[in-house]
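Novice: Provided below: input-v6.cif, containing mmCIF, C-alpha atoms.
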data_entry
loop_
_atom_site.group_PDB
_atom_site.id
_atom_site.type_symbol
_atom_site.label_atom_id
_atom_site.label_comp_id
_atom_site.auth_asym_id
_atom_site.auth_seq_id
_atom_site.Cartn_x
_atom_site.Cartn_y
_atom_site.Cartn_z
ATOM 1 C CA MET A 1 93.617 136.871 97.112
ATOM 2 C CA ILE A 2 94.613 133.213 97.210
ATOM 3 C CA THR A 3 97.752 132.493 95.229
ATOM 4 C CA PRO A 4 98.077 129.105 93.520
ATOM 5 C CA ALA A 5 100.329 126.492 95.102
ATOM 6 C CA THR A 6 103.903 126.529 93.853
ATOM 7 C CA VAL A 7 104.456 123.813 91.272
ATOM 8 C CA THR A 8 107.289 121.464 92.248
ATOM 9 C CA ASN A 9 108.663 118.320 90.666
ATOM 10 C CA PRO A 10 107.321 114.944 91.878
ATOM 11 C CA TRP A 11 110.513 114.057 93.744
ATOM 12 C CA ALA A 12 110.431 117.293 95.734
ATOM 13 C CA ALA A 13 106.762 116.685 96.574
ATOM 14 C CA ALA A 14 107.565 113.104 97.610
ATOM 15 C CA ALA A 15 110.438 114.301 99.794
ATOM 16 C CA MET A 16 108.215 116.848 101.541
ATOM 17 C CA ILE A 17 105.517 114.240 102.178
ATOM 18 C CA ALA A 18 108.083 111.662 103.355
ATOM 19 C CA GLY A 19 109.553 114.175 105.805
ATOM 20 C CA VAL A 20 106.127 114.832 107.315
ATOM 21 C CA VAL A 21 105.241 111.123 107.456
ATOM 22 C CA LEU A 22 108.464 109.920 109.092
ATOM 23 C CA THR A 23 108.661 112.603 111.770
ATOM 24 C CA SER A 24 104.945 112.366 112.479
ATOM 25 C CA THR A 25 104.988 108.573 112.798
ATOM 26 C CA THR A 26 107.887 108.735 115.240
ATOM 27 C CA GLY A 27 106.020 111.327 117.283
ATOM 28 C CA GLU A 28 102.677 109.523 117.241
ATOM 29 C CA VAL A 29 104.089 106.146 118.233
ATOM 30 C CA THR A 30 106.067 107.769 121.049
ATOM 31 C CA ILE A 31 102.995 109.623 122.294
ATOM 32 C CA ALA A 32 100.779 106.533 121.979
ATOM 33 C CA SER A 33 103.347 104.648 124.044
ATOM 34 C CA ALA A 34 103.272 107.418 126.667
ATOM 35 C CA MET A 35 99.460 107.427 126.814
ATOM 36 C CA LYS A 36 99.355 103.642 127.169
ATOM 37 C CA SER A 37 101.699 103.866 130.148
ATOM 38 C CA ILE A 38 99.713 106.723 131.728
ATOM 39 C CA GLY A 39 96.362 104.908 131.473
ATOM 40 C CA ASP A 40 92.748 105.930 130.762
ATOM 41 C CA LEU A 41 92.623 109.738 130.991
ATOM 42 C CA ASP A 42 88.845 109.708 131.529
ATOM 43 C CA ALA A 43 89.318 107.477 134.573
ATOM 44 C CA ILE A 44 92.159 109.645 135.894
ATOM 45 C CA ARG A 45 90.018 112.751 135.416
ATOM 46 C CA ALA A 46 87.115 111.137 137.276
ATOM 47 C CA ARG A 47 89.470 110.268 140.126
ATOM 48 C CA SER A 48 91.763 113.305 140.325
ATOM 49 C CA GLY A 49 89.995 115.984 138.285
ATOM 50 C CA MET A 50 91.160 117.751 135.138
ATOM 51 C CA GLY A 51 94.303 118.956 136.949
ATOM 52 C CA GLY A 52 95.237 115.394 137.792
ATOM 53 C CA ALA A 53 94.791 114.294 134.181
ATOM 54 C CA ILE A 54 96.892 117.201 132.876
ATOM 55 C CA ARG A 55 99.555 116.508 135.514
ATOM 56 C CA ALA A 56 99.652 112.822 134.546
ATOM 57 C CA VAL A 57 100.381 113.779 130.934
ATOM 58 C CA LEU A 58 102.812 116.618 131.612
ATOM 59 C CA THR A 59 104.969 114.562 133.985
ATOM 60 C CA SER A 60 105.714 111.968 131.298
ATOM 61 C CA PRO A 61 109.119 112.515 129.631
ATOM 62 C CA ARG A 62 108.100 110.146 126.827
ATOM 63 C CA PHE A 63 105.147 112.411 126.058
ATOM 64 C CA PHE A 64 107.485 115.383 125.535
ATOM 65 C CA ALA A 65 109.755 113.314 123.303
ATOM 66 C CA GLY A 66 106.701 112.583 121.151
ATOM 67 C CA VAL A 67 105.663 116.246 121.150
ATOM 68 C CA PHE A 68 109.140 117.207 119.921
ATOM 69 C CA PHE A 69 108.815 114.960 116.873
ATOM 70 C CA LEU A 70 105.246 116.142 116.233
ATOM 71 C CA ALA A 71 106.468 119.751 116.381
ATOM 72 C CA VAL A 72 109.070 118.963 113.725
ATOM 73 C CA ALA A 73 106.331 117.264 111.684
ATOM 74 C CA PHE A 74 104.089 120.322 112.113
ATOM 75 C CA PHE A 75 106.649 122.701 110.614
ATOM 76 C CA ALA A 76 107.420 120.181 107.881
ATOM 77 C CA MET A 77 103.662 120.172 107.113
ATOM 78 C CA LEU A 78 103.559 123.997 107.047
ATOM 79 C CA PHE A 79 106.425 123.946 104.561
ATOM 80 C CA ALA A 80 104.674 121.317 102.432
ATOM 81 C CA LEU A 81 101.381 123.231 102.432
ATOM 82 C CA ASN A 82 103.257 126.276 101.171
ATOM 83 C CA HIS A 83 104.178 124.331 98.027
ATOM 84 C CA LEU A 84 101.489 121.671 97.540
ATOM 85 C CA ASN A 85 97.703 121.614 97.287
ATOM 86 C CA LEU A 86 95.910 120.679 100.492
ATOM 87 C CA SER A 87 93.870 118.041 98.656
ATOM 88 C CA LEU A 88 97.143 116.272 97.796
ATOM 89 C CA ALA A 89 99.333 116.988 100.833
ATOM 90 C CA GLY A 90 96.528 116.400 103.375
ATOM 91 C CA PRO A 91 95.234 112.978 102.321
ATOM 92 C CA ALA A 92 98.651 111.758 101.100
ATOM 93 C CA THR A 93 100.456 112.430 104.380
ATOM 94 C CA ALA A 94 97.502 111.263 106.488
ATOM 95 C CA SER A 95 96.987 107.974 104.647
ATOM 96 C CA LEU A 96 100.701 107.191 104.398
ATOM 97 C CA MET A 97 100.996 107.910 108.112
ATOM 98 C CA LEU A 98 98.242 105.360 108.663
ATOM 99 C CA VAL A 99 100.360 102.709 106.936
ATOM 100 C CA THR A 100 103.564 103.584 108.781
ATOM 101 C CA ASN A 101 101.697 103.784 112.079
ATOM 102 C CA MET A 102 100.143 100.345 111.550
ATOM 103 C CA ILE A 103 103.614 98.881 111.025
ATOM 104 C CA ALA A 104 105.172 100.839 113.877
ATOM 105 C CA GLY A 105 102.193 100.054 116.140
ATOM 106 C CA LYS A 106 102.659 96.335 115.580
ATOM 107 C CA ILE A 107 106.436 96.387 116.023
ATOM 108 C CA PHE A 108 106.918 98.914 118.807
ATOM 109 C CA LEU A 109 103.573 98.986 120.643
ATOM 110 C CA LYS A 110 102.816 95.247 120.223
ATOM 111 C CA GLU A 111 99.305 96.097 119.067
ATOM 112 C CA ASN A 112 97.144 93.355 117.582
ATOM 113 C CA VAL A 113 97.196 94.318 113.910
ATOM 114 C CA ASP A 114 95.007 91.565 112.476
ATOM 115 C CA ARG A 115 94.103 90.586 108.903
ATOM 116 C CA ARG A 116 91.297 93.126 108.849
ATOM 117 C CA ARG A 117 93.712 95.954 109.568
ATOM 118 C CA TRP A 118 96.271 94.783 106.997
ATOM 119 C CA THR A 119 93.497 94.622 104.371
ATOM 120 C CA ALA A 120 92.667 98.199 105.179
ATOM 121 C CA VAL A 121 96.327 99.136 104.720
ATOM 122 C CA ALA A 122 96.227 97.630 101.224
ATOM 123 C CA LEU A 123 93.079 99.642 100.420
ATOM 124 C CA VAL A 124 94.804 102.770 101.705
ATOM 125 C CA CYS A 125 97.809 102.119 99.439
ATOM 126 C CA VAL A 126 95.468 101.899 96.443
ATOM 127 C CA GLY A 127 93.833 105.105 97.585
ATOM 128 C CA VAL A 128 97.166 106.867 97.859
ATOM 129 C CA TYR A 129 98.069 105.745 94.331
ATOM 130 C CA LEU A 130 94.783 107.186 93.058
ATOM 131 C CA LEU A 131 95.377 110.392 94.992
ATOM 132 C CA ALA A 132 98.716 110.907 93.261
ATOM 133 C CA HIS A 133 97.007 111.072 89.847
ATOM 134 C CA MET Z 1 94.939 78.858 113.608
ATOM 135 C CA LYS Z 2 98.027 76.656 113.742
ATOM 136 C CA ILE Z 3 99.150 78.131 117.024
ATOM 137 C CA ALA Z 4 95.703 77.663 118.553
ATOM 138 C CA SER Z 5 95.441 73.995 117.539
ATOM 139 C CA SER Z 6 98.961 73.191 118.733
ATOM 140 C CA GLN Z 7 98.429 74.779 122.138
ATOM 141 C CA PRO Z 8 95.139 73.478 123.526
ATOM 142 C CA GLY Z 9 96.006 74.570 127.036
ATOM 143 C CA ALA Z 10 96.165 78.209 126.016
ATOM 144 C CA GLY Z 11 92.492 78.321 125.068
ATOM 145 C CA ALA Z 12 91.162 79.600 128.375
ATOM 146 C CA ILE Z 13 93.747 82.371 128.474
ATOM 147 C CA HIS Z 14 92.935 83.456 124.948
ATOM 148 C CA HIS Z 15 89.235 83.226 125.719
ATOM 149 C CA GLY Z 16 89.763 85.559 128.645
ATOM 150 C CA LYS Z 17 91.596 88.047 126.434
ATOM 151 C CA LEU Z 18 88.807 87.865 123.887
ATOM 152 C CA ASP Z 19 86.260 88.752 126.561
ATOM 153 C CA LYS Z 20 88.340 91.741 127.610
ATOM 154 C CA SER Z 21 88.829 93.012 124.081
ATOM 155 C CA MET Z 22 85.108 92.530 123.377
ATOM 156 C CA ALA Z 23 84.337 94.697 126.399
ATOM 157 C CA HIS Z 24 86.552 97.477 124.990
ATOM 158 C CA ARG Z 25 84.809 97.223 121.648
ATOM 159 C CA LYS Z 26 81.706 98.932 123.014
ATOM 160 C CA LEU Z 27 82.662 102.562 123.251
ATOM 161 C CA THR Z 28 80.579 105.003 125.255
ATOM 162 C CA PRO Z 29 78.757 107.899 123.491
ATOM 163 C CA ARG Z 30 81.302 110.240 125.048
ATOM 164 C CA GLN Z 31 84.148 108.222 123.507
ATOM 165 C CA TYR Z 32 82.437 108.339 120.108
ATOM 166 C CA LEU Z 33 82.116 112.097 120.545
ATOM 167 C CA ILE Z 34 85.842 112.379 121.249
ATOM 168 C CA LEU Z 35 86.619 110.341 118.101
ATOM 169 C CA GLY Z 36 84.309 112.692 116.167
ATOM 170 C CA VAL Z 37 86.142 115.754 117.456
ATOM 171 C CA VAL Z 38 89.452 114.144 116.441
ATOM 172 C CA ALA Z 39 88.085 113.474 112.936
ATOM 173 C CA ILE Z 40 86.659 116.961 112.341
ATOM 174 C CA SER Z 41 89.075 119.307 114.119
ATOM 175 C CA ALA Z 42 92.210 117.993 112.389
ATOM 176 C CA PRO Z 43 91.041 118.675 108.793
ATOM 177 C CA LEU Z 44 89.495 121.993 109.855
ATOM 178 C CA GLY Z 45 92.793 123.031 111.421
ATOM 179 C CA ASP Z 46 94.778 121.870 108.391
ATOM 180 C CA SER Z 47 92.461 123.860 106.111
ATOM 181 C CA CYS Z 48 93.058 126.999 108.168
ATOM 182 C CA LEU Z 49 96.810 126.401 107.931
ATOM 183 C CA SER Z 50 96.565 125.900 104.186
ATOM 184 C CA ARG Z 51 94.544 129.067 103.691
ATOM 185 C CA GLY Z 52 96.985 131.016 105.864
ATOM 186 C CA MET Z 53 100.056 129.714 104.048
ATOM 187 C CA ARG Z 54 98.591 130.558 100.631
ATOM 188 C CA HIS Z 55 98.405 134.221 101.626
ATOM 189 C CA MET Z 56 102.147 134.215 102.268
ATOM 190 C CA ALA Z 57 105.003 134.464 99.847
ATOM 191 C CA SER Z 58 106.803 131.238 98.983
ATOM 192 C CA ILE Z 59 109.014 130.121 101.855
ATOM 193 C CA SER Z 60 112.371 128.509 101.129
ATOM 194 C CA LEU Z 61 114.639 126.407 103.319
ATOM 195 C CA THR Z 62 117.185 129.264 103.266
ATOM 196 C CA HIS Z 63 114.817 131.418 105.357
ATOM 197 C CA PRO Z 64 113.290 129.025 107.925
ATOM 198 C CA ALA Z 65 112.513 131.936 110.299
ATOM 199 C CA ALA Z 66 109.637 132.875 107.992
ATOM 200 C CA LEU Z 67 107.854 129.712 109.217
ATOM 201 C CA ILE Z 68 108.011 131.015 112.801
ATOM 202 C CA GLY Z 69 106.528 134.343 111.677
ATOM 203 C CA ALA Z 70 103.691 132.493 109.968
ATOM 204 C CA VAL Z 71 102.489 131.207 113.361
ATOM 205 C CA PHE Z 72 101.284 134.712 114.316
ATOM 206 C CA THR Z 73 99.027 135.307 111.304
ATOM 207 C CA PRO Z 74 95.228 134.966 111.961
ATOM 208 C CA TRP Z 75 94.466 131.895 109.831
ATOM 209 C CA ILE Z 76 97.535 130.032 111.082
ATOM 210 C CA ALA Z 77 96.693 130.980 114.690
ATOM 211 C CA LEU Z 78 93.095 129.715 114.260
ATOM 212 C CA GLY Z 79 94.424 126.532 112.696
ATOM 213 C CA ILE Z 80 96.756 126.040 115.645
ATOM 214 C CA LEU Z 81 93.862 126.540 118.115
ATOM 215 C CA LEU Z 82 91.815 123.887 116.299
ATOM 216 C CA LEU Z 83 94.803 121.540 116.259
ATOM 217 C CA ILE Z 84 95.260 122.038 120.014
ATOM 218 C CA GLY Z 85 91.630 120.890 120.446
ATOM 219 C CA PHE Z 86 92.397 117.975 118.162
ATOM 220 C CA PHE Z 87 95.495 117.077 120.156
ATOM 221 C CA ALA Z 88 93.685 117.064 123.514
ATOM 222 C CA SER Z 89 90.952 114.796 122.095
ATOM 223 C CA TYR Z 90 93.546 112.623 120.381
ATOM 224 C CA LEU Z 91 95.528 112.107 123.595
ATOM 225 C CA THR Z 92 92.339 111.171 125.430
ATOM 226 C CA ALA Z 93 91.428 108.644 122.721
ATOM 227 C CA LEU Z 94 94.920 107.129 122.788
ATOM 228 C CA SER Z 95 94.605 106.596 126.539
ATOM 229 C CA TRP Z 96 91.745 104.088 126.052
ATOM 230 C CA ALA Z 97 92.277 102.809 122.493
ATOM 231 C CA ASP Z 98 95.045 101.510 120.226
ATOM 232 C CA LEU Z 99 96.909 103.880 117.935
ATOM 233 C CA THR Z 100 96.082 101.486 115.090
ATOM 234 C CA PHE Z 101 92.383 101.821 115.986
ATOM 235 C CA VAL Z 102 92.180 105.578 116.604
ATOM 236 C CA LEU Z 103 93.780 106.556 113.285
ATOM 237 C CA PRO Z 104 91.435 104.492 111.055
ATOM 238 C CA ALA Z 105 88.382 105.194 113.192
ATOM 239 C CA THR Z 106 88.832 108.929 112.651
ATOM 240 C CA ALA Z 107 89.532 108.626 108.929
ATOM 241 C CA PHE Z 108 86.200 110.005 107.805
ATOM 242 C CA GLY Z 109 87.975 113.312 108.168
ATOM 243 C CA TYR Z 110 89.476 112.589 104.709
ATOM 244 C CA VAL Z 111 86.074 113.110 103.141
ATOM 245 C CA PHE Z 112 85.589 116.230 105.215
ATOM 246 C CA ILE Z 113 88.989 117.639 104.166
ATOM 247 C CA ALA Z 114 88.187 116.979 100.490
ATOM 248 C CA LEU Z 115 84.910 118.881 100.779
ATOM 249 C CA LEU Z 116 86.690 121.731 102.530
ATOM 250 C CA ALA Z 117 89.377 121.834 99.835
ATOM 251 C CA LYS Z 118 86.766 121.909 97.085
ATOM 252 C CA PHE Z 119 84.211 124.344 98.481
ATOM 253 C CA TRP Z 120 86.335 126.594 100.695
ATOM 254 C CA LEU Z 121 89.783 126.642 99.114
ATOM 255 C CA GLN Z 122 88.369 126.241 95.568
ATOM 256 C CA GLU Z 123 90.817 123.459 94.731
ATOM 257 C CA ALA Z 124 89.947 121.199 91.801
ATOM 258 C CA ILE Z 125 89.585 117.522 92.769
ATOM 259 C CA SER Z 126 89.792 115.040 89.906
ATOM 260 C CA VAL Z 127 87.655 111.906 89.596
ATOM 261 C CA GLU Z 128 90.726 109.752 90.368
ATOM 262 C CA ARG Z 129 91.416 111.701 93.534
ATOM 263 C CA TRP Z 130 87.793 111.357 94.629
ATOM 264 C CA ALA Z 131 88.104 107.598 93.983
ATOM 265 C CA GLY Z 132 91.268 107.530 96.105
ATOM 266 C CA ILE Z 133 89.549 109.281 98.980
ATOM 267 C CA ILE Z 134 86.618 106.855 98.795
ATOM 268 C CA VAL Z 135 88.901 103.789 98.729
ATOM 269 C CA ILE Z 136 90.864 105.096 101.702
ATOM 270 C CA THR Z 137 87.674 105.742 103.617
ATOM 271 C CA LEU Z 138 86.405 102.226 102.800
ATOM 272 C CA GLY Z 139 89.652 100.732 104.068
ATOM 273 C CA VAL Z 140 89.739 102.617 107.299
ATOM 274 C CA GLY Z 141 86.028 102.080 107.940
ATOM 275 C CA PHE Z 142 86.756 98.368 107.585
ATOM 276 C CA VAL Z 143 89.368 98.620 110.342
ATOM 277 C CA ALA Z 144 87.102 100.552 112.669
ATOM 278 C CA GLN Z 145 84.807 97.522 113.003
ATOM 279 C CA GLY Z 146 87.456 95.714 115.044
ATOM 280 C CA PRO Z 147 88.243 95.967 118.757
ATOM 281 C CA ALA Z 148 89.439 99.330 120.032
ATOM 282 C CA ARG Z 149 92.211 98.034 122.242
ATOM 283 C CA THR Z 150 94.696 95.201 122.343
ATOM 284 C CA GLU Z 151 94.926 93.636 125.766
ATOM 285 C CA GLN Z 152 98.639 93.749 126.458
ATOM 286 C CA PRO Z 153 100.147 90.721 128.177
ATOM 287 C CA ALA Z 154 102.181 91.344 131.307
ATOM 288 C CA SER Z 155 105.307 90.392 129.376
ATOM 289 C CA VAL Z 156 105.810 92.169 126.066
ATOM 290 C CA ALA Z 157 107.732 89.136 124.868
ATOM 291 C CA GLU Z 158 104.450 87.234 124.582
ATOM 292 C CA GLU Z 159 103.027 87.509 121.099
ATOM 293 C CA ALA Z 160 99.455 88.835 120.972
ATOM 294 C CA PRO Z 161 97.135 86.369 119.172
ATOM 295 C CA SER Z 162 95.341 87.523 116.033
ATOM 296 C CA GLU Z 163 91.560 87.845 115.879
ATOM 297 C CA GLU Z 164 90.648 84.888 113.670
ATOM 298 C CA PRO Z 165 92.500 82.118 115.550
ATOM 299 C CA VAL Z 166 90.958 83.290 118.822
ATOM 300 C CA CYS Z 167 87.438 83.281 117.397
ATOM 301 C CA SER Z 168 87.794 79.850 115.768
ATOM 302 C CA GLN Z 169 89.332 78.407 118.860
ATOM 303 C CA VAL Z 170 86.458 79.143 121.237
ATOM 304 C CA GLU Z 171 83.926 77.199 119.219
ATOM 305 C CA PRO Z 172 82.403 74.389 121.334
ATOM 306 C CA ARG Z 173 83.197 70.837 120.324
#
Write the structure described by the file as structure tokens, please.

Specialist:
Amino acid sequence: MITPATVTNPWAAAAMIAGVVLTSTTGEVTIASAMKSIGDLDAIRARSGMGGAIRAVLTSPRFFAGVFFLAVAFFAMLFALNHLNLSLAGPATASLMLVTNMIAGKIFLKENVDRRRWTAVALVCVGVYLLAH
Amino acid sequence: MKIASSQPGAGAIHHGKLDKSMAHRKLTPRQYLILGVVAISAPLGDSCLSRGMRHMASISLTHPAALIGAVFTPWIALGILLLIGFFASYLTALSWADLTFVLPATAFGYVFIALLAKFWLQEAISVERWAGIIVITLGVGFVAQGPARTEQPASVAEEAPSEEPVCSQVEPR
């Protein structure tokens, strides 16, 4: 039988979501940076086979640094799901992570975050506000 | 726009970058498939985790070891398998596209996760929350129309030009 999610106060819910978002963003930006430096995995696989592609990823220290932060984010998400509804915790963390990743992607990865992408961030913020109600 | 008009000599360089980014915009069917796997497997995995965690007693920060034990329950294990598939696809996508492109482009998973939550986990979703999911999906779909990858200059100190100035600059006189 499925038990209902534990009811927590809004600040506790916000803290759980913030913990997931911050650790996950750190991990994702680190991993994205590692994958950029490794290069196109499809091309590597065509050249050196699946083993070559796996080796290219597993020999990157930056990749493991990213995995560490994603592992922390994973357990933070497990903890959050134990207390919050999936339909709140899932979209809230995912959409907030989109915002933080856009900012981090522009600052740390020098990605071209143009007006179109910033507009989308604003729409996501509105969506997150609606999700919280 | 101001930068483009004040640096006429940079036009050819920017034009070259535009051509490169345009080339990346056309993804292959295989790349679309990978983005689809990223979009679907993540919410499916999360739903398995959610279902698994609901079957467990409430876990507190004073007993963190209970989280480790949760990994070996069937629903959590299935969720982890799905998330491993997600992660492999995600890494592949990140190797040929921007992080700020991959995340929005795979955002249709939000709709999928809402349907899973409603029909599988029997969670109630209010009208406001549905509206939020739709607005988020609109926003991220908007982003996905852009180029998949930023062409990085050799020196990271060089600021990447935004889309609009580049487009307006290449208009013939």

Novice: Tell me the residues of chain A close to chain Z, meaning within 7 Å using all atoms listed in the file, as a ChimeraX atom specification.

Specialist: /A:2-3,32,35-36,39-41,81-82,86-87,91,98,101-102,105,111-112,114,116-117,120-121,123-124,127-128,130-131,133

Novice: Go through A:Ala43, A:Ala56, A:Val126, A:Val67 one by one, measure the shortest atom-to-atom distance of each to Ala92 of chain A using all atoms listed in the file, and give the residue with the smallest value.

Specialist: A:Val126

Novice: Let me make sure I understand: among A:Pro61, A:Gly51, A:Ser24, A:Ala12, which one has the smallest atom-to-atom distance to Ile38 of chain A if we use all atoms listed in the file?

Specialist: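 Among A:Pro61, A:Gly51, A:Ser24, A:Ala12, it is A:Pro61 that comes nearest to Ile38 of chain A.
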
Novice: Contacts of Ala14 of chain A at 10 Å or less, counting only C-alpha atoms, minus same-chain residues fewer than 5 places along, as an MDAnalysis selection string?

Specialist: chainID A and resid 8:9 19:20 80 89 92:93

Novice: Quick check, in Å to one decimal: how far apart do atom CA of Leu109 of chain A and atom CA of Thr59 of chain A lie?

Specialist: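 Atom CA of Thr59 of chain A lies 20.6 Å from atom CA of Leu109 of chain A.
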
Novice: So which residues touch Val21 of chain A within 10 Å, counting only C-alpha atoms, skipping near sequence neighbours fewer than 5 positions away, as a list in words?

Specialist: Ala15, Met16, Thr26, Gly27, Ala73, Ala76, Met77, Ala92, Thr93, Ala94, Ser95, Leu96, Met97, Leu98, Val99, Thr100 and Asn101 of chain A

Novice: How many Å separate atom CA of Ile84 of chain Z from atom CA of Trp120 of chain Z?

Specialist: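 Straight-line distance from atom CA of Ile84 of chain Z to atom CA of Trp120 of chain Z works out to 21.8 Å.
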
Novice: If I take atom CA of Phe87 of chain Z and atom CA of His83 of chain A, how far is one from the other in Å, to one decimal?

Specialist: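 Calculated distance between atom CA of Phe87 of chain Z and atom CA of His83 of chain A is 24.9 Å.
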
Novice: Could you put an axis-aligned box around every listed atom of segment 46-59 of chain Z, padded by 6 Å on each side, and send me its centre and edge lengths in Å to one decimal, as AutoDock Vina command-line options?

Specialist:
--center_x 100.7 --center_y 128.2 --center_z 103.7 --size_x 28.6 --size_y 24.6 --size_z 21.4

Novice: Can you pull out every residue within 7 Å of Ser89 of chain Z, counting only C-alpha atoms, but drop anything in the same chain fewer than 6 positions away, and send it as a list in words?

Specialist: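 Final neighbour list, sorted by chain and number: Ile34, Val37 and Val38 of chain Z.
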
Novice: Go through A:Leu78, A:Leu58, A:Cys125, A:Ile103 and flag the residue nearest Cys48 of chain Z, using all atoms listed in the file for the distances.

Specialist: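 For Cys48 of chain Z, the nearest of the given residues is A:Leu78.
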
Novice: Model the absent atoms of segment 57-76 of chain Z so that N, CA and C atoms are present, and write the result as a PDB file, in the frame of the given file.

Specialist:
ATOM      1  N   ALA Z  57     104.080 134.693 100.952  1.00  0.00           N
ATOM      2  CA  ALA Z  57     105.003 134.464  99.847  1.00  0.00           C
ATOM      3  C   ALA Z  57     105.638 133.090 100.020  1.00  0.00           C
ATOM      4  N   SER Z  58     106.171 132.553  98.935  1.00  0.00           N
ATOM      5  CA  SER Z  58     106.803 131.238  98.983  1.00  0.00           C
ATOM      6  C   SER Z  58     107.963 131.231  99.977  1.00  0.00           C
ATOM      7  N   ILE Z  59     107.979 130.213 100.825  1.00  0.00           N
ATOM      8  CA  ILE Z  59     109.014 130.121 101.855  1.00  0.00           C
ATOM      9  C   ILE Z  59     110.049 129.086 101.428  1.00  0.00           C
ATOM     10  N   SER Z  60     111.320 129.455 101.518  1.00  0.00           N
ATOM     11  CA  SER Z  60     112.371 128.509 101.129  1.00  0.00           C
ATOM     12  C   SER Z  60     113.127 128.042 102.371  1.00  0.00           C
ATOM     13  N   LEU Z  61     113.866 126.964 102.201  1.00  0.00           N
ATOM     14  CA  LEU Z  61     114.639 126.407 103.319  1.00  0.00           C
ATOM     15  C   LEU Z  61     115.751 127.349 103.767  1.00  0.00           C
ATOM     16  N   THR Z  62     116.108 128.327 102.895  1.00  0.00           N
ATOM     17  CA  THR Z  62     117.185 129.264 103.266  1.00  0.00           C
ATOM     18  C   THR Z  62     116.695 130.316 104.262  1.00  0.00           C
ATOM     19  N   HIS Z  63     115.372 130.464 104.393  1.00  0.00           N
ATOM     20  CA  HIS Z  63     114.817 131.418 105.357  1.00  0.00           C
ATOM     21  C   HIS Z  63     113.787 130.719 106.248  1.00  0.00           C
ATOM     22  N   PRO Z  64     114.223 129.783 107.090  1.00  0.00           N
ATOM     23  CA  PRO Z  64     113.290 129.025 107.925  1.00  0.00           C
ATOM     24  C   PRO Z  64     112.560 129.895 108.956  1.00  0.00           C
ATOM     25  N   ALA Z  65     113.141 131.068 109.295  1.00  0.00           N
ATOM     26  CA  ALA Z  65     112.513 131.936 110.299  1.00  0.00           C
ATOM     27  C   ALA Z  65     111.142 132.412 109.830  1.00  0.00           C
ATOM     28  N   ALA Z  66     110.929 132.447 108.519  1.00  0.00           N
ATOM     29  CA  ALA Z  66     109.637 132.875 107.992  1.00  0.00           C
ATOM     30  C   ALA Z  66     108.525 131.936 108.466  1.00  0.00           C
ATOM     31  N   LEU Z  67     108.846 130.657 108.714  1.00  0.00           N
ATOM     32  CA  LEU Z  67     107.854 129.712 109.217  1.00  0.00           C
ATOM     33  C   LEU Z  67     107.405 130.099 110.628  1.00  0.00           C
ATOM     34  N   ILE Z  68     108.349 130.581 111.436  1.00  0.00           N
ATOM     35  CA  ILE Z  68     108.011 131.015 112.801  1.00  0.00           C
ATOM     36  C   ILE Z  68     107.061 132.208 112.729  1.00  0.00           C
ATOM     37  N   GLY Z  69     107.377 133.164 111.829  1.00  0.00           N
ATOM     38  CA  GLY Z  69     106.528 134.343 111.677  1.00  0.00           C
ATOM     39  C   GLY Z  69     105.120 133.982 111.237  1.00  0.00           C
ATOM     40  N   ALA Z  70     104.999 132.911 110.479  1.00  0.00           N
ATOM     41  CA  ALA Z  70     103.691 132.493 109.968  1.00  0.00           C
ATOM     42  C   ALA Z  70     102.739 132.107 111.096  1.00  0.00           C
ATOM     43  N   VAL Z  71     103.304 131.659 112.234  1.00  0.00           N
ATOM     44  CA  VAL Z  71     102.489 131.207 113.361  1.00  0.00           C
ATOM     45  C   VAL Z  71     101.586 132.334 113.880  1.00  0.00           C
ATOM     46  N   PHE Z  72     102.012 133.595 113.718  1.00  0.00           N
ATOM     47  CA  PHE Z  72     101.284 134.712 114.316  1.00  0.00           C
ATOM     48  C   PHE Z  72     100.302 135.381 113.355  1.00  0.00           C
ATOM     49  N   THR Z  73     100.056 134.782 112.210  1.00  0.00           N
ATOM     50  CA  THR Z  73      99.027 135.307 111.304  1.00  0.00           C
ATOM     51  C   THR Z  73      97.672 134.684 111.693  1.00  0.00           C
ATOM     52  N   PRO Z  74      96.533 135.409 111.443  1.00  0.00           N
ATOM     53  CA  PRO Z  74      95.228 134.966 111.961  1.00  0.00           C
ATOM     54  C   PRO Z  74      94.825 133.549 111.556  1.00  0.00           C
ATOM     55  N   TRP Z  75      94.905 133.217 110.269  1.00  0.00           N
ATOM     56  CA  TRP Z  75      94.466 131.895 109.831  1.00  0.00           C
ATOM     57  C   TRP Z  75      95.317 130.794 110.443  1.00  0.00           C
ATOM     58  N   ILE Z  76      96.638 131.049 110.496  1.00  0.00           N
ATOM     59  CA  ILE Z  76      97.535 130.032 111.082  1.00  0.00           C
ATOM     60  C   ILE Z  76      97.234 129.885 112.571  1.00  0.00           C
TER      61      ILE Z  76
END
